[in-house]
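K.L.:
Okay, here's the structure, questions in a sec.
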Amino acid sequence: MDKSPYIHRLRLHGSLAKLTFWSFVFLGLILIFFFRSPSSNSLPSDPSRRSLRTYNWGGPAWEKRVRSSAKVRSRHGISVLVTGAAGFVGTHVSAALKRRGDGVLGLDCFNDYYDPSLKRARQALLERSGVFIVEGDINDAPLLSKLFEVVAFTHVMHLAAQAGVRYAMENPGSYVHSNIAGLVNLLEVCKNANPQPAIVWASSSSVYGLNTKVPFSERDRTDQPASLYAATKKAGEEIAHTYNHIHGLSLTGLRFFTVYGPWGRPDMAYFFFTRDILKGKTIPIFEGANHRTVARDFTYIDDIVKGCLASLDTAEKSTGSGGKKKGPAQLRVFNLGNTSPVPVTDLVTILERLLKVKAKRKITKLPRNGDVQFTHANISLAQRELGYKPTTDLQTGLKKFVRWYLSYYSGGKKASG
Ligand SMILES: O=C(O)[C@H]1O[C@H](OP(=O)(O)OP(=O)(O)OC[C@H]2O[C@@H](n3ccc(=O)[nH]c3=O)[C@H](O)[C@@H]2O)[C@H](O)[C@@H](O)[C@@H]1O
């Protein structure tokens with residue numbers, strides 16, 4: 001902080017009153033700087049890092065909210081940092097953890113990949129159940145370190161990511177930023193934390209890429225991704241292996257299969273099909289070469305939440321301390337799917353029935369923009385190790401989604417796009 005302005009004034013006027021005034025201003029600025037942004041001193045000089053600091057965090061009141069949100073309220077509860085807490089899966093997982101008495105602190109950057117007002121509505125929902133979402137980027141090392149300084153998280157549920165398969169054609173950098181750089185930054189902070197947390201994180205069914213053997217098993221090859229999104233998730237799995245091997249971090253990757261449900265993502269087909277059918281807009285339905293069906297193993301959010309909680313509950317402790325590995329640590333990957341793929345045309349038929357509106361369908365050749373023709377999960381490993389057993393079929397799940405959609409958007413909110 002430059003002192004020269006008031007020294008200059010002192011010389012000019014020699015006024016004791018002015019000196020006192022400016023001294024107070026100066027002291028006040030120091031206090032604000034110190035309490036509102038405790039990490040500022042440790043900021044690296046790298047300008048790209050600085051550009052992350054557009055969020056307001058820090059200070060005693062902020063720390064109090066962080067502690068209170070992360071406070072464990074049940075006997076055998078865990079304290080979890082949930083990244084991407086204002087996201088679709090993040091919101092549901094955070095709420096479920098809080099309901100059973102675990103400590104939950106959210107972290108989210110509220111970017112505008114899709115309508116941020118939906119993220120704000122999810123945030124409001126979580127706030128009502130006592131979950132505080134810190135606004136910040138997973139690439140912000142000082143912020144993450146501060147969170148671990150304030151709370152000794154036992155677990156991290158890492159769901160913050162750049163999602164969506166097709167958007168990678170438009171903005172490849174955002175996938176590298178969140179899914180690779182952000183993941184590494186988070187793992188670095190977890191590695192240095194004492195005690196180290198166990199980490200459960202979102203991989204994707206898209207890592208199976210162009211595989212033709214079905215159903216997809218965790219033992220199958222994952223070296224032919226069809227999109228940059230898939231490639232960054234696959235990279236995440238290899239990065240997880242490294243941190244487990246070198247630093248003893250306990251890591252569980254979950255390969256989610258096309259998750260859908262209330263509070264879902266507007267960039268996903270079931271969501272924008274609903275919006276466009278209601279608007280009377282034509283919807284493009286993809287088909288493979290030679291009119292082959294495009295299908296997905298659509299998985300309902302409540303089943304996914306159960307899989308996430310079971311993964312947290314069965315995660316073993318990380319073994320490192322002081323950044324050093326002290327013994328072998330757990331490294332797992334699970335498919336979380338529904339095991340019954342449904343053609344996209346059937347998805348549309350179900351939506352038509354639920355919405356009581358006939359869709360304007362346009363059958364379109366599957367564009368070469370990252371989509372794969374089908375997905376189908378073998379879930380026997382998750383069944384054995386996590387007790388994972390999906391119970392919601394697409395018809396039932398979409399009914400719940402449509403009910404939510406109609407009530408959410410009839411409340412004065414509009415589906416954008
Ligand atoms: O399972 C996963 O790992 C992935 O699931 C979804 O990706 P995707 O299955 O492609 O989901 P949607 O984008 O909702 O597409 C669903 C189906 O609708 C089809 N579709 C999509 C868009 C469109 O205009 N028309 C159309 O027929 C797609 O080809 C696909 O078969 C998510 O968007 C990813 O973030 C996630 O990682």
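The way I read the labels, and the way they are meant: chains A, B, ... in the order of the structure tokens, residue 1 as the first residue of every chain, and ligand 1 as the first ligand shown, with later ones counted on from there.
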Name the residues in contact with segment 261-273 of chain A at a cut-off of 10 Å, using only C-alpha atoms, excluding same-chain residues fewer than 6 positions from it; report them as number ranges by chain.
P.N.:
A: 87-89, 91-92, 113-115, 118-119, 121-122, 163-167, 279, 281-285, 298-302, 344, 347-348, 351-352, 359, 394, 397-405, 408, 415-417
K.L.:
Any idea what's packed within 12 Å of Lys213 of chain A, counting only C-alpha atoms, ignoring anything in its chain fewer than 2 positions away? Could you give it as a PyMOL selection string?
P.N.:
chain A and resi 208-211+215-217+219-222+374-378
K.L.:
Could the residues in this selection be written to a file with all heavy atoms, as a compact mmCIF listing (two decimals), in the first residue's frame?
P.N.:
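The result, stored in out-v2.txt:
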```txt
# COMPACT_ATOMS: atom_id res chain seq x y z
N TYR A 208 -15.87 -44.94 -22.28
CA TYR A 208 -15.92 -46.17 -23.09
C TYR A 208 -15.90 -45.86 -24.58
O TYR A 208 -15.70 -46.76 -25.40
CB TYR A 208 -17.15 -47.00 -22.72
CG TYR A 208 -17.06 -47.57 -21.31
CD1 TYR A 208 -17.87 -47.10 -20.29
CD2 TYR A 208 -16.11 -48.54 -21.02
CE1 TYR A 208 -17.76 -47.60 -19.00
CE2 TYR A 208 -15.99 -49.04 -19.73
CZ TYR A 208 -16.82 -48.57 -18.73
OH TYR A 208 -16.69 -49.06 -17.46
N GLY A 209 -16.12 -44.61 -24.92
CA GLY A 209 -15.93 -44.12 -26.29
C GLY A 209 -16.53 -44.99 -27.36
O GLY A 209 -17.73 -45.28 -27.36
N LEU A 210 -15.68 -45.44 -28.27
CA LEU A 210 -16.16 -46.17 -29.45
C LEU A 210 -16.23 -47.68 -29.23
O LEU A 210 -16.39 -48.44 -30.19
CB LEU A 210 -15.26 -45.85 -30.64
CG LEU A 210 -15.18 -44.36 -30.99
CD1 LEU A 210 -14.19 -44.11 -32.13
CD2 LEU A 210 -16.57 -43.80 -31.37
N ASN A 211 -16.12 -48.12 -27.97
CA ASN A 211 -16.20 -49.57 -27.70
C ASN A 211 -17.51 -50.14 -28.24
O ASN A 211 -18.55 -49.49 -28.18
CB ASN A 211 -16.16 -49.85 -26.18
CG ASN A 211 -14.78 -49.60 -25.59
OD1 ASN A 211 -13.91 -49.06 -26.26
ND2 ASN A 211 -14.60 -49.97 -24.33
N PRO A 215 -22.53 -55.30 -22.22
CA PRO A 215 -22.47 -54.00 -21.55
C PRO A 215 -21.03 -53.61 -21.21
O PRO A 215 -20.16 -54.46 -21.12
CB PRO A 215 -23.30 -54.23 -20.29
CG PRO A 215 -23.21 -55.71 -20.03
CD PRO A 215 -23.09 -56.37 -21.37
N PHE A 216 -20.86 -52.29 -20.97
CA PHE A 216 -19.52 -51.79 -20.65
C PHE A 216 -19.12 -52.21 -19.24
O PHE A 216 -19.85 -51.96 -18.29
CB PHE A 216 -19.49 -50.25 -20.70
CG PHE A 216 -19.84 -49.65 -22.04
CD1 PHE A 216 -20.40 -48.37 -22.10
CD2 PHE A 216 -19.58 -50.32 -23.24
CE1 PHE A 216 -20.71 -47.79 -23.32
CE2 PHE A 216 -19.88 -49.74 -24.46
CZ PHE A 216 -20.46 -48.47 -24.50
N SER A 217 -17.95 -52.80 -19.15
CA SER A 217 -17.45 -53.22 -17.83
C SER A 217 -16.21 -52.39 -17.48
O SER A 217 -15.48 -51.94 -18.38
CB SER A 217 -17.09 -54.70 -17.89
OG SER A 217 -16.05 -54.99 -17.01
N ARG A 219 -13.52 -53.34 -16.62
CA ARG A 219 -12.29 -53.98 -17.09
C ARG A 219 -12.03 -53.70 -18.58
O ARG A 219 -10.96 -53.99 -19.09
CB ARG A 219 -12.38 -55.51 -16.88
CG ARG A 219 -12.30 -55.94 -15.43
CD ARG A 219 -12.32 -57.46 -15.33
NE ARG A 219 -13.51 -58.01 -16.00
CZ ARG A 219 -14.71 -58.14 -15.41
NH1 ARG A 219 -14.86 -57.76 -14.16
NH2 ARG A 219 -15.73 -58.64 -16.08
N ASP A 220 -13.02 -53.14 -19.26
CA ASP A 220 -12.86 -52.90 -20.70
C ASP A 220 -11.88 -51.77 -20.99
O ASP A 220 -11.60 -50.93 -20.14
CB ASP A 220 -14.22 -52.53 -21.33
CG ASP A 220 -15.22 -53.67 -21.25
OD1 ASP A 220 -14.78 -54.82 -21.02
OD2 ASP A 220 -16.43 -53.40 -21.40
N ARG A 221 -11.40 -51.76 -22.24
CA ARG A 221 -10.48 -50.69 -22.66
C ARG A 221 -11.21 -49.33 -22.64
O ARG A 221 -12.44 -49.26 -22.84
CB ARG A 221 -9.94 -50.98 -24.06
CG ARG A 221 -11.01 -50.97 -25.12
CD ARG A 221 -10.47 -51.42 -26.45
NE ARG A 221 -9.55 -50.45 -27.04
CZ ARG A 221 -9.12 -50.52 -28.30
NH1 ARG A 221 -9.51 -51.51 -29.10
NH2 ARG A 221 -8.28 -49.63 -28.78
N THR A 222 -10.45 -48.30 -22.38
CA THR A 222 -11.04 -46.94 -22.38
C THR A 222 -10.08 -45.99 -23.09
O THR A 222 -9.82 -44.89 -22.63
CB THR A 222 -11.30 -46.43 -20.94
OG1 THR A 222 -10.10 -46.59 -20.18
CG2 THR A 222 -12.44 -47.17 -20.28
N PHE A 374 -24.33 -45.65 -28.45
CA PHE A 374 -25.09 -46.23 -27.34
C PHE A 374 -24.21 -46.36 -26.10
O PHE A 374 -22.98 -46.33 -26.18
CB PHE A 374 -25.63 -47.62 -27.72
CG PHE A 374 -24.54 -48.54 -28.16
CD1 PHE A 374 -23.77 -49.23 -27.24
CD2 PHE A 374 -24.25 -48.70 -29.51
CE1 PHE A 374 -22.74 -50.05 -27.65
CE2 PHE A 374 -23.21 -49.52 -29.93
CZ PHE A 374 -22.46 -50.19 -29.00
N THR A 375 -24.85 -46.48 -24.96
CA THR A 375 -24.14 -46.80 -23.72
C THR A 375 -24.97 -47.83 -22.97
O THR A 375 -26.21 -47.86 -23.07
CB THR A 375 -23.96 -45.55 -22.82
OG1 THR A 375 -25.24 -45.04 -22.44
CG2 THR A 375 -23.16 -44.47 -23.51
N HIS A 376 -24.29 -48.67 -22.24
CA HIS A 376 -24.96 -49.74 -21.48
C HIS A 376 -23.99 -50.19 -20.37
O HIS A 376 -22.90 -50.65 -20.66
CB HIS A 376 -25.29 -50.91 -22.42
CG HIS A 376 -26.02 -52.03 -21.75
ND1 HIS A 376 -26.36 -53.18 -22.41
CD2 HIS A 376 -26.47 -52.19 -20.49
CE1 HIS A 376 -27.00 -54.00 -21.60
NE2 HIS A 376 -27.07 -53.42 -20.42
N ALA A 377 -24.42 -50.01 -19.13
CA ALA A 377 -23.51 -50.29 -18.01
C ALA A 377 -23.65 -51.71 -17.48
O ALA A 377 -24.75 -52.20 -17.27
CB ALA A 377 -23.79 -49.31 -16.87
N ASN A 378 -22.51 -52.32 -17.25
CA ASN A 378 -22.48 -53.51 -16.41
C ASN A 378 -22.22 -52.98 -14.99
O ASN A 378 -21.22 -52.31 -14.75
CB ASN A 378 -21.32 -54.41 -16.88
CG ASN A 378 -21.08 -55.59 -15.95
OD1 ASN A 378 -21.40 -55.55 -14.77
ND2 ASN A 378 -20.49 -56.65 -16.49
```
K.L.:
Among segment 108-335 of chain A, which residues does DSSP mark as strand (DSSP E or B) when it is run on the backbone? Keep the chain and numbering as in the structure and answer as a PyMOL selection string.
P.N.:
chain A and resi 108+132-135+155-158+198-204+216+251-256+259-260+282-287+295-296+299-300+321+324+331-335
K.L.:
Which residue is closest to Val342 of chain A? Choose from A:Ser318, A:Gln330, A:Thr293, A:Glu135 and count only C-alpha atoms.
P.N.:
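Closest to Val342 of chain A of all the choices is A:Thr293.
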K.L.:
Excluding Glu188 of chain A and its own-chain neighbours fewer than 3 positions away, which residues fall within 12 Å of it when counting only C-alpha atoms? Please give them as a PDB file with N, CA and C atoms, in the first residue's frame.
P.N.:
```pdb
ATOM      1  N   ILE A 138     -12.309 -24.265  -8.546  1.00  0.00           N
ATOM      2  CA  ILE A 138     -11.440 -25.348  -8.055  1.00  0.00           C
ATOM      3  C   ILE A 138      -9.980 -25.121  -8.450  1.00  0.00           C
ATOM      4  N   ASN A 139      -9.739 -24.166  -9.346  1.00  0.00           N
ATOM      5  CA  ASN A 139      -8.353 -23.840  -9.694  1.00  0.00           C
ATOM      6  C   ASN A 139      -7.717 -22.866  -8.701  1.00  0.00           C
ATOM      7  N   ASP A 140      -8.497 -22.386  -7.766  1.00  0.00           N
ATOM      8  CA  ASP A 140      -8.004 -21.382  -6.820  1.00  0.00           C
ATOM      9  C   ASP A 140      -7.373 -22.088  -5.604  1.00  0.00           C
ATOM     10  N   ALA A 141      -6.056 -22.297  -5.684  1.00  0.00           N
ATOM     11  CA  ALA A 141      -5.358 -23.043  -4.626  1.00  0.00           C
ATOM     12  C   ALA A 141      -5.446 -22.353  -3.262  1.00  0.00           C
ATOM     13  N   PRO A 142      -5.253 -21.031  -3.185  1.00  0.00           N
ATOM     14  CA  PRO A 142      -5.352 -20.395  -1.865  1.00  0.00           C
ATOM     15  C   PRO A 142      -6.731 -20.592  -1.229  1.00  0.00           C
ATOM     16  N   LEU A 144      -8.880 -23.146  -1.782  1.00  0.00           N
ATOM     17  CA  LEU A 144      -9.020 -24.550  -1.354  1.00  0.00           C
ATOM     18  C   LEU A 144      -8.205 -24.810  -0.087  1.00  0.00           C
ATOM     19  N   SER A 145      -6.981 -24.282  -0.050  1.00  0.00           N
ATOM     20  CA  SER A 145      -6.129 -24.482   1.141  1.00  0.00           C
ATOM     21  C   SER A 145      -6.794 -23.866   2.358  1.00  0.00           C
ATOM     22  N   PHE A 148      -9.484 -26.102   3.759  1.00  0.00           N
ATOM     23  CA  PHE A 148      -8.931 -27.213   4.544  1.00  0.00           C
ATOM     24  C   PHE A 148      -8.306 -26.740   5.853  1.00  0.00           C
ATOM     25  N   ALA A 181      -6.874 -29.209 -15.243  1.00  0.00           N
ATOM     26  CA  ALA A 181      -6.142 -28.297 -14.339  1.00  0.00           C
ATOM     27  C   ALA A 181      -6.844 -28.224 -12.980  1.00  0.00           C
ATOM     28  N   GLY A 182      -8.158 -28.101 -12.986  1.00  0.00           N
ATOM     29  CA  GLY A 182      -8.916 -27.999 -11.726  1.00  0.00           C
ATOM     30  C   GLY A 182      -8.773 -29.253 -10.884  1.00  0.00           C
ATOM     31  N   LEU A 183      -8.822 -30.402 -11.531  1.00  0.00           N
ATOM     32  CA  LEU A 183      -8.675 -31.668 -10.800  1.00  0.00           C
ATOM     33  C   LEU A 183      -7.292 -31.762 -10.154  1.00  0.00           C
ATOM     34  N   VAL A 184      -6.269 -31.421 -10.931  1.00  0.00           N
ATOM     35  CA  VAL A 184      -4.899 -31.495 -10.400  1.00  0.00           C
ATOM     36  C   VAL A 184      -4.749 -30.529  -9.218  1.00  0.00           C
ATOM     37  N   ASN A 185      -5.288 -29.331  -9.364  1.00  0.00           N
ATOM     38  CA  ASN A 185      -5.193 -28.353  -8.282  1.00  0.00           C
ATOM     39  C   ASN A 185      -5.854 -28.877  -7.007  1.00  0.00           C
ATOM     40  N   LYS A 191      -3.651 -33.580  -1.227  1.00  0.00           N
ATOM     41  CA  LYS A 191      -2.378 -34.254  -0.908  1.00  0.00           C
ATOM     42  C   LYS A 191      -1.684 -33.576   0.273  1.00  0.00           C
ATOM     43  N   ASN A 192      -1.730 -32.245   0.291  1.00  0.00           N
ATOM     44  CA  ASN A 192      -1.056 -31.485   1.347  1.00  0.00           C
ATOM     45  C   ASN A 192      -1.861 -31.378   2.634  1.00  0.00           C
ATOM     46  N   ALA A 193      -3.147 -31.702   2.556  1.00  0.00           N
ATOM     47  CA  ALA A 193      -3.995 -31.562   3.750  1.00  0.00           C
ATOM     48  C   ALA A 193      -3.592 -32.597   4.798  1.00  0.00           C
ATOM     49  N   GLN A 196      -5.252 -36.173   5.156  1.00  0.00           N
ATOM     50  CA  GLN A 196      -5.734 -36.153   3.774  1.00  0.00           C
ATOM     51  C   GLN A 196      -7.153 -36.702   3.734  1.00  0.00           C
ATOM     52  N   PRO A 197      -8.016 -36.097   2.919  1.00  0.00           N
ATOM     53  CA  PRO A 197      -9.378 -36.647   2.792  1.00  0.00           C
ATOM     54  C   PRO A 197      -9.391 -37.828   1.818  1.00  0.00           C
ATOM     55  N   ILE A 239      -4.846 -39.443 -13.889  1.00  0.00           N
ATOM     56  CA  ILE A 239      -4.307 -38.514 -12.883  1.00  0.00           C
ATOM     57  C   ILE A 239      -4.611 -39.056 -11.484  1.00  0.00           C
ATOM     58  N   ALA A 240      -5.808 -39.592 -11.309  1.00  0.00           N
ATOM     59  CA  ALA A 240      -6.179 -40.186 -10.017  1.00  0.00           C
ATOM     60  C   ALA A 240      -5.218 -41.324  -9.670  1.00  0.00           C
ATOM     61  N   THR A 242      -2.154 -41.631 -10.513  1.00  0.00           N
ATOM     62  CA  THR A 242      -0.861 -41.051 -10.124  1.00  0.00           C
ATOM     63  C   THR A 242      -0.865 -40.573  -8.674  1.00  0.00           C
ATOM     64  N   TYR A 243      -1.916 -39.831  -8.306  1.00  0.00           N
ATOM     65  CA  TYR A 243      -1.969 -39.283  -6.934  1.00  0.00           C
ATOM     66  C   TYR A 243      -2.157 -40.382  -5.902  1.00  0.00           C
ATOM     67  N   ASN A 244      -2.819 -41.435  -6.303  1.00  0.00           N
ATOM     68  CA  ASN A 244      -2.969 -42.580  -5.417  1.00  0.00           C
ATOM     69  C   ASN A 244      -1.608 -43.255  -5.255  1.00  0.00           C
ATOM     70  N   ILE A 246       1.548 -42.109  -5.891  1.00  0.00           N
ATOM     71  CA  ILE A 246       2.655 -41.330  -5.301  1.00  0.00           C
ATOM     72  C   ILE A 246       2.321 -40.825  -3.897  1.00  0.00           C
ATOM     73  N   HIS A 247       1.088 -40.341  -3.716  1.00  0.00           N
ATOM     74  CA  HIS A 247       0.803 -39.627  -2.467  1.00  0.00           C
ATOM     75  C   HIS A 247      -0.124 -40.362  -1.514  1.00  0.00           C
ATOM     76  N   GLY A 248      -0.612 -41.526  -1.897  1.00  0.00           N
ATOM     77  CA  GLY A 248      -1.474 -42.305  -0.994  1.00  0.00           C
ATOM     78  C   GLY A 248      -2.877 -41.755  -0.840  1.00  0.00           C
ATOM     79  N   LEU A 249      -3.353 -41.008  -1.843  1.00  0.00           N
ATOM     80  CA  LEU A 249      -4.733 -40.508  -1.754  1.00  0.00           C
ATOM     81  C   LEU A 249      -5.714 -41.637  -2.088  1.00  0.00           C
ATOM     82  N   GLY A 322       1.783 -35.137   5.362  1.00  0.00           N
ATOM     83  CA  GLY A 322       2.873 -34.218   5.002  1.00  0.00           C
ATOM     84  C   GLY A 322       3.209 -34.345   3.517  1.00  0.00           C
ATOM     85  N   GLY A 323       2.199 -34.707   2.718  1.00  0.00           N
ATOM     86  CA  GLY A 323       2.417 -34.834   1.274  1.00  0.00           C
ATOM     87  C   GLY A 323       3.088 -36.142   0.883  1.00  0.00           C
ATOM     88  N   LYS A 324       3.402 -36.991   1.867  1.00  0.00           N
ATOM     89  CA  LYS A 324       4.120 -38.240   1.544  1.00  0.00           C
ATOM     90  C   LYS A 324       3.246 -39.460   1.804  1.00  0.00           C
TER      91      LYS A 324
END
```
K.L.:
Pull the closest atom pair for each residue of segment 97-159 of chain A that gets at most 9 Å from segment 51-69 of chain A, along with the distance in Å to one decimal, counting only C-alpha atoms, ordering rows by chain and then ascending residue number, as CSV.
P.N.:
```
residue,atom,partner,partner_atom,distance
A:Gly103,CA,A:Ser69,CA,6.2
A:Val104,CA,A:Ser69,CA,5.8
A:Leu105,CA,A:Ser69,CA,5.6
A:Gly106,CA,A:Ser69,CA,8.6
A:Cys109,CA,A:Tyr55,CA,8.5
A:Gly130,CA,A:Ser69,CA,6.2
A:Val131,CA,A:Ser69,CA,5.4
A:Phe132,CA,A:Ser69,CA,5.7
A:Ile133,CA,A:Val66,CA,8.5
A:Val134,CA,A:Trp57,CA,7.6
A:Glu135,CA,A:Tyr55,CA,6.3
A:Gly136,CA,A:Tyr55,CA,5.9
A:Asp137,CA,A:Leu52,CA,7.0
A:Asn139,CA,A:Leu52,CA,7.7
A:Asp140,CA,A:Leu52,CA,6.6
A:Leu143,CA,A:Trp57,CA,8.0
A:Lys146,CA,A:Gly58,CA,8.5
A:Leu147,CA,A:Val66,CA,7.9
A:Val150,CA,A:Arg67,CA,6.9
A:Val151,CA,A:Arg67,CA,6.5
```
K.L.:
If you run DSSP over the backbone, which residues in segment 55-258 of chain A end up helix (DSSP H, G or I)? Put them as a PyMOL selection string.
P.N.:
chain A and resi 60-70+88-99+116-128+141-150+166-169+172-192+205-208+228-247
K.L.:
Would you save the residues of that selection, restricted to C-alpha atoms, as a compact mmCIF listing (two decimals), in the first residue's frame?
P.N.:
```txt
# COMPACT_ATOMS: atom_id res chain seq x y z
CA PRO A 60 -14.46 -14.23 10.37
CA ALA A 61 -18.16 -14.26 9.38
CA TRP A 62 -17.39 -16.29 6.26
CA GLU A 63 -15.30 -18.78 8.26
CA LYS A 64 -18.11 -19.14 10.77
CA ARG A 65 -20.56 -20.04 7.98
CA VAL A 66 -18.06 -22.51 6.54
CA ARG A 67 -17.58 -24.21 9.92
CA SER A 68 -21.26 -24.33 10.70
CA SER A 69 -22.18 -25.83 7.31
CA ALA A 70 -19.43 -28.46 7.59
CA PHE A 88 -27.37 -31.09 -10.79
CA VAL A 89 -25.75 -34.07 -9.07
CA GLY A 90 -23.97 -31.83 -6.54
CA THR A 91 -27.21 -30.37 -5.25
CA HIS A 92 -28.87 -33.75 -4.79
CA VAL A 93 -25.81 -35.31 -3.12
CA SER A 94 -25.32 -32.32 -0.79
CA ALA A 95 -28.97 -32.41 0.29
CA ALA A 96 -28.85 -36.17 0.91
CA LEU A 97 -25.67 -35.92 3.00
CA LYS A 98 -27.11 -33.06 5.03
CA ARG A 99 -30.34 -34.98 5.64
CA PRO A 116 -27.06 -19.58 -13.81
CA SER A 117 -30.47 -18.75 -12.33
CA LEU A 118 -31.14 -22.50 -12.11
CA LYS A 119 -27.89 -22.87 -10.14
CA ARG A 120 -28.98 -20.00 -7.89
CA ALA A 121 -32.33 -21.70 -7.30
CA ARG A 122 -30.53 -24.92 -6.34
CA GLN A 123 -28.30 -22.87 -4.03
CA ALA A 124 -31.36 -21.37 -2.34
CA LEU A 125 -32.75 -24.87 -1.87
CA LEU A 126 -29.54 -26.03 -0.21
CA GLU A 127 -29.30 -22.93 1.94
CA ARG A 128 -32.70 -23.72 3.38
CA ALA A 141 -5.36 -23.04 -4.63
CA PRO A 142 -5.35 -20.40 -1.86
CA LEU A 143 -9.12 -20.74 -1.49
CA LEU A 144 -9.02 -24.55 -1.35
CA SER A 145 -6.13 -24.48 1.14
CA LYS A 146 -8.07 -22.03 3.27
CA LEU A 147 -11.10 -24.34 3.30
CA PHE A 148 -8.93 -27.21 4.54
CA GLU A 149 -7.39 -24.89 7.12
CA VAL A 150 -10.84 -24.05 8.48
CA ARG A 166 -20.98 -31.66 -27.72
CA TYR A 167 -19.91 -28.32 -26.15
CA ALA A 168 -16.27 -29.49 -26.28
CA MET A 169 -16.33 -28.63 -30.00
CA PRO A 172 -12.26 -27.02 -25.64
CA GLY A 173 -10.30 -24.84 -23.20
CA SER A 174 -13.02 -24.99 -20.56
CA TYR A 175 -12.63 -28.80 -20.39
CA VAL A 176 -8.90 -28.52 -19.84
CA HIS A 177 -9.42 -25.77 -17.25
CA SER A 178 -11.97 -27.63 -15.13
CA ASN A 179 -11.50 -31.32 -15.78
CA ILE A 180 -7.72 -31.42 -15.89
CA ALA A 181 -6.14 -28.30 -14.34
CA GLY A 182 -8.92 -28.00 -11.73
CA LEU A 183 -8.67 -31.67 -10.80
CA VAL A 184 -4.90 -31.49 -10.40
CA ASN A 185 -5.19 -28.35 -8.28
CA LEU A 186 -7.75 -30.01 -6.03
CA LEU A 187 -5.64 -33.17 -5.66
CA GLU A 188 -2.57 -31.07 -4.83
CA VAL A 189 -4.46 -29.40 -2.00
CA CYS A 190 -5.86 -32.76 -0.80
CA LYS A 191 -2.38 -34.25 -0.91
CA ASN A 192 -1.06 -31.48 1.35
CA SER A 205 -19.59 -43.36 -19.14
CA SER A 206 -18.15 -41.51 -22.10
CA VAL A 207 -14.70 -42.99 -21.34
CA TYR A 208 -15.92 -46.17 -23.09
CA LEU A 228 -12.55 -34.11 -25.85
CA TYR A 229 -14.90 -34.28 -22.86
CA ALA A 230 -14.41 -38.05 -22.69
CA ALA A 231 -10.66 -37.62 -23.14
CA THR A 232 -10.47 -35.22 -20.17
CA LYS A 233 -12.45 -37.66 -17.98
CA LYS A 234 -10.16 -40.49 -19.04
CA ALA A 235 -7.17 -38.23 -18.25
CA GLY A 236 -8.75 -37.65 -14.83
CA GLU A 237 -8.74 -41.38 -14.17
CA GLU A 238 -5.04 -41.58 -15.02
CA ILE A 239 -4.31 -38.51 -12.88
CA ALA A 240 -6.18 -40.19 -10.02
CA HIS A 241 -3.96 -43.23 -10.43
CA THR A 242 -0.86 -41.05 -10.12
CA TYR A 243 -1.97 -39.28 -6.93
CA ASN A 244 -2.97 -42.58 -5.42
CA HIS A 245 0.36 -44.17 -6.35
CA ILE A 246 2.65 -41.33 -5.30
CA HIS A 247 0.80 -39.63 -2.47
```
